[in-house]
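Read through the structure below, which is laid out as structure tokens, and then see the notes.
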Amino acid sequence: MASAAAAAVKVLTVSPRAKHTATIIFVHGLGDTGYGWKPVADMFATEMPHVKWVLPHAPTIPVTANGGVKMPGWFDVYEFGAINAREDEEGMLKTVHALNQLITAEVDAGIPANRIVLGGFSQGAGMSLLTGLTTERRLAGLAILSGWLPLRSKIKAMLNDHAKKLPIFWGHGKSDVIVRFDRATASLDAIKSELQLNTLVSPDKVLEGGIEFHAYDFLAHSVNDQELADLKTFLRKVLPQQE
């Protein structure tokens, strides 16, 4: 994993349809590629034409929990589902570095950090949360779909100064058996107690910082129309169109 993630990741770019004033970096889950989220980028483009989407592709790695079968992954998984499972810290930190490189590339291209949202699904959500809470830059917000808080025992020492003011959208299905709902709520409890972030922010207050949490009945390890509608509302709020 170390050598694979050390190189810059390849990305799929969905160009803005109007003047480019904001960027969303969205990170896919295990076994997927950036192409898996292109339909969402295309769907949102009508109401967010100023946004460029950067959809990175994970390197192909052996995944221990899948018997060593190689697939696209942001880090190795030793066992599925467990709240306190052993974590591939090295792989996670390599991915954090890679995502920070993508953020830097956007800033270097003229997009301020506060006009960049980092988000993802499942593995991508965990990596977006870890990166967004520890990066030196103050982003516009994070979008966490079916995710959890990685490196719980170490993230407090890594936390950036502006984490408490960071708007965060978090959506999770109550019927998720891959990243179980109780793993999400345990993460929220840790974020509140150990990191002192507000985890009960209403949508109308999220721009002040904290987590706007949405639980979806009967939703498995996926997204549905309601979650996408809620996500789009959040994204339009944190990345309003500029002239």
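Each chain of the structure tokens is named A, B, ... in the order shown, its residues numbered from 1; ligands are numbered from 1 in display order.
Near region 210-222 of chain A, within a cut-off of 8 Å and counting only C-alpha atoms, sit the residues Ser146, Lys164, Lys165, Leu166, Pro167, Ile168, Phe169, Trp170, Gly171, His172, Gly173, Lys174, Ser175, Asp176, Val177, Ile178, Val179, Leu197, Asn198, Thr199, Leu200, Val201, Ser202, Pro203, Val206 and Glu227 of chain A, with same-chain residues fewer than 3 positions away left out.
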Q | Residue list (strand (DSSP E or B), DSSP) for region 25-155 of chain A, as JSON, numbers by chain | A | {"A": [25, 26, 27, 51, 52, 53, 54, 55, 56, 57, 60, 61, 62, 63, 69, 70, 71, 72, 77, 87, 116, 117, 118, 119, 120, 121, 141, 142, 143, 144, 145]}
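The residue that comes closest to Asn100 (chain A), out of A:Thr233, A:Ser128, A:Asn114, A:Ser122 and on the basis of only C-alpha atoms, is A:Ser128.
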Q) Pick the closest to Thr13 (chain A) from A:Asp42, A:Glu87, A:Asp76, A:Asp204: which is it, counting only C-alpha atoms? A)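 Of A:Asp42, A:Glu87, A:Asp76, A:Asp204, the one nearest Thr13 (chain A) is A:Asp42, counting only C-alpha atoms.
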Q. Mind checking DSSP for chain A and telling me the alpha helix (DSSP H) residues as JSON, numbers by chain?
A. {"A": [2, 3, 4, 5, 6, 38, 39, 40, 41, 42, 43, 44, 89, 90, 91, 92, 93, 94, 95, 96, 97, 98, 99, 100, 101, 102, 103, 104, 105, 106, 107, 108, 123, 124, 125, 126, 127, 128, 129, 130, 131, 132, 133, 134, 155, 156, 157, 158, 181, 182, 183, 184, 185, 186, 187, 188, 189, 190, 191, 192, 193, 194, 225, 226, 227, 228, 229, 230, 231, 232, 233, 234, 235, 236, 237, 238]}
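In this structure, CA of Asp230 (chain A) sits 11.3 Å away from CA of Leu145 (chain A).
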Q | Which residue of A:Leu130, A:Ile61, A:Met48, A:Ile25 approaches Thr104 (chain A) most closely, using only C-alpha atoms | A |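 Of the candidates, the smallest distance to Thr104 (chain A) is held by A:Ile25.
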Q.
Neighbouring residues of Phe121 (chain A) were defined as those with any atom within 8 Å, considering only C-alpha atoms; residues of the same chain fewer than 2 positions away were excluded. Please report them as a ChimeraX atom specification.
A. /A:27-29,119,123-126,144-147
Atoms kept (N, CA and C atoms) for selection, written as a CSV table (one decimal), in the first residue's frame:
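Listed below is the output, out09.csv:
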chain,number,residue,atom,x,y,z
A,27,VAL,N,-14.4,11.3,-2.9
A,27,VAL,CA,-13.6,10.2,-2.8
A,27,VAL,C,-14.4,8.9,-2.7
A,28,HIS,N,-14.3,8.0,-3.7
A,28,HIS,CA,-15.1,6.8,-3.7
A,28,HIS,C,-14.8,5.8,-2.6
A,29,GLY,N,-15.6,4.7,-2.6
A,29,GLY,CA,-15.4,3.7,-1.6
A,29,GLY,C,-14.7,2.5,-2.1
A,119,GLY,N,-15.2,15.4,0.2
A,119,GLY,CA,-16.2,14.5,0.6
A,119,GLY,C,-16.0,13.1,0.1
A,123,GLN,N,-15.2,4.2,2.6
A,123,GLN,CA,-13.7,4.5,2.8
A,123,GLN,C,-13.4,5.9,2.5
A,124,GLY,N,-14.0,6.4,1.4
A,124,GLY,CA,-13.7,7.8,1.0
A,124,GLY,C,-14.2,8.8,2.0
A,125,ALA,N,-15.3,8.4,2.6
A,125,ALA,CA,-15.9,9.3,3.7
A,125,ALA,C,-14.9,9.4,4.9
A,126,GLY,N,-14.4,8.2,5.3
A,126,GLY,CA,-13.5,8.1,6.4
A,126,GLY,C,-12.2,8.9,6.1
A,144,ILE,N,-19.7,13.7,4.3
A,144,ILE,CA,-19.4,12.4,4.8
A,144,ILE,C,-20.6,11.5,4.6
A,145,LEU,N,-20.5,10.5,3.7
A,145,LEU,CA,-21.6,9.6,3.4
A,145,LEU,C,-21.2,8.2,3.8
A,146,SER,N,-22.0,7.6,4.7
A,146,SER,CA,-21.8,6.2,5.1
A,146,SER,C,-20.3,6.0,5.6
A,147,GLY,N,-19.9,7.0,6.5
A,147,GLY,CA,-18.5,6.9,6.9
A,147,GLY,C,-18.4,6.7,8.4
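Each of A:Ile116, A:Val11, A:Ile103, A:Ala22 was compared to Lys38 (chain A) using only C-alpha atoms, and A:Val11 turns out to be the nearest.
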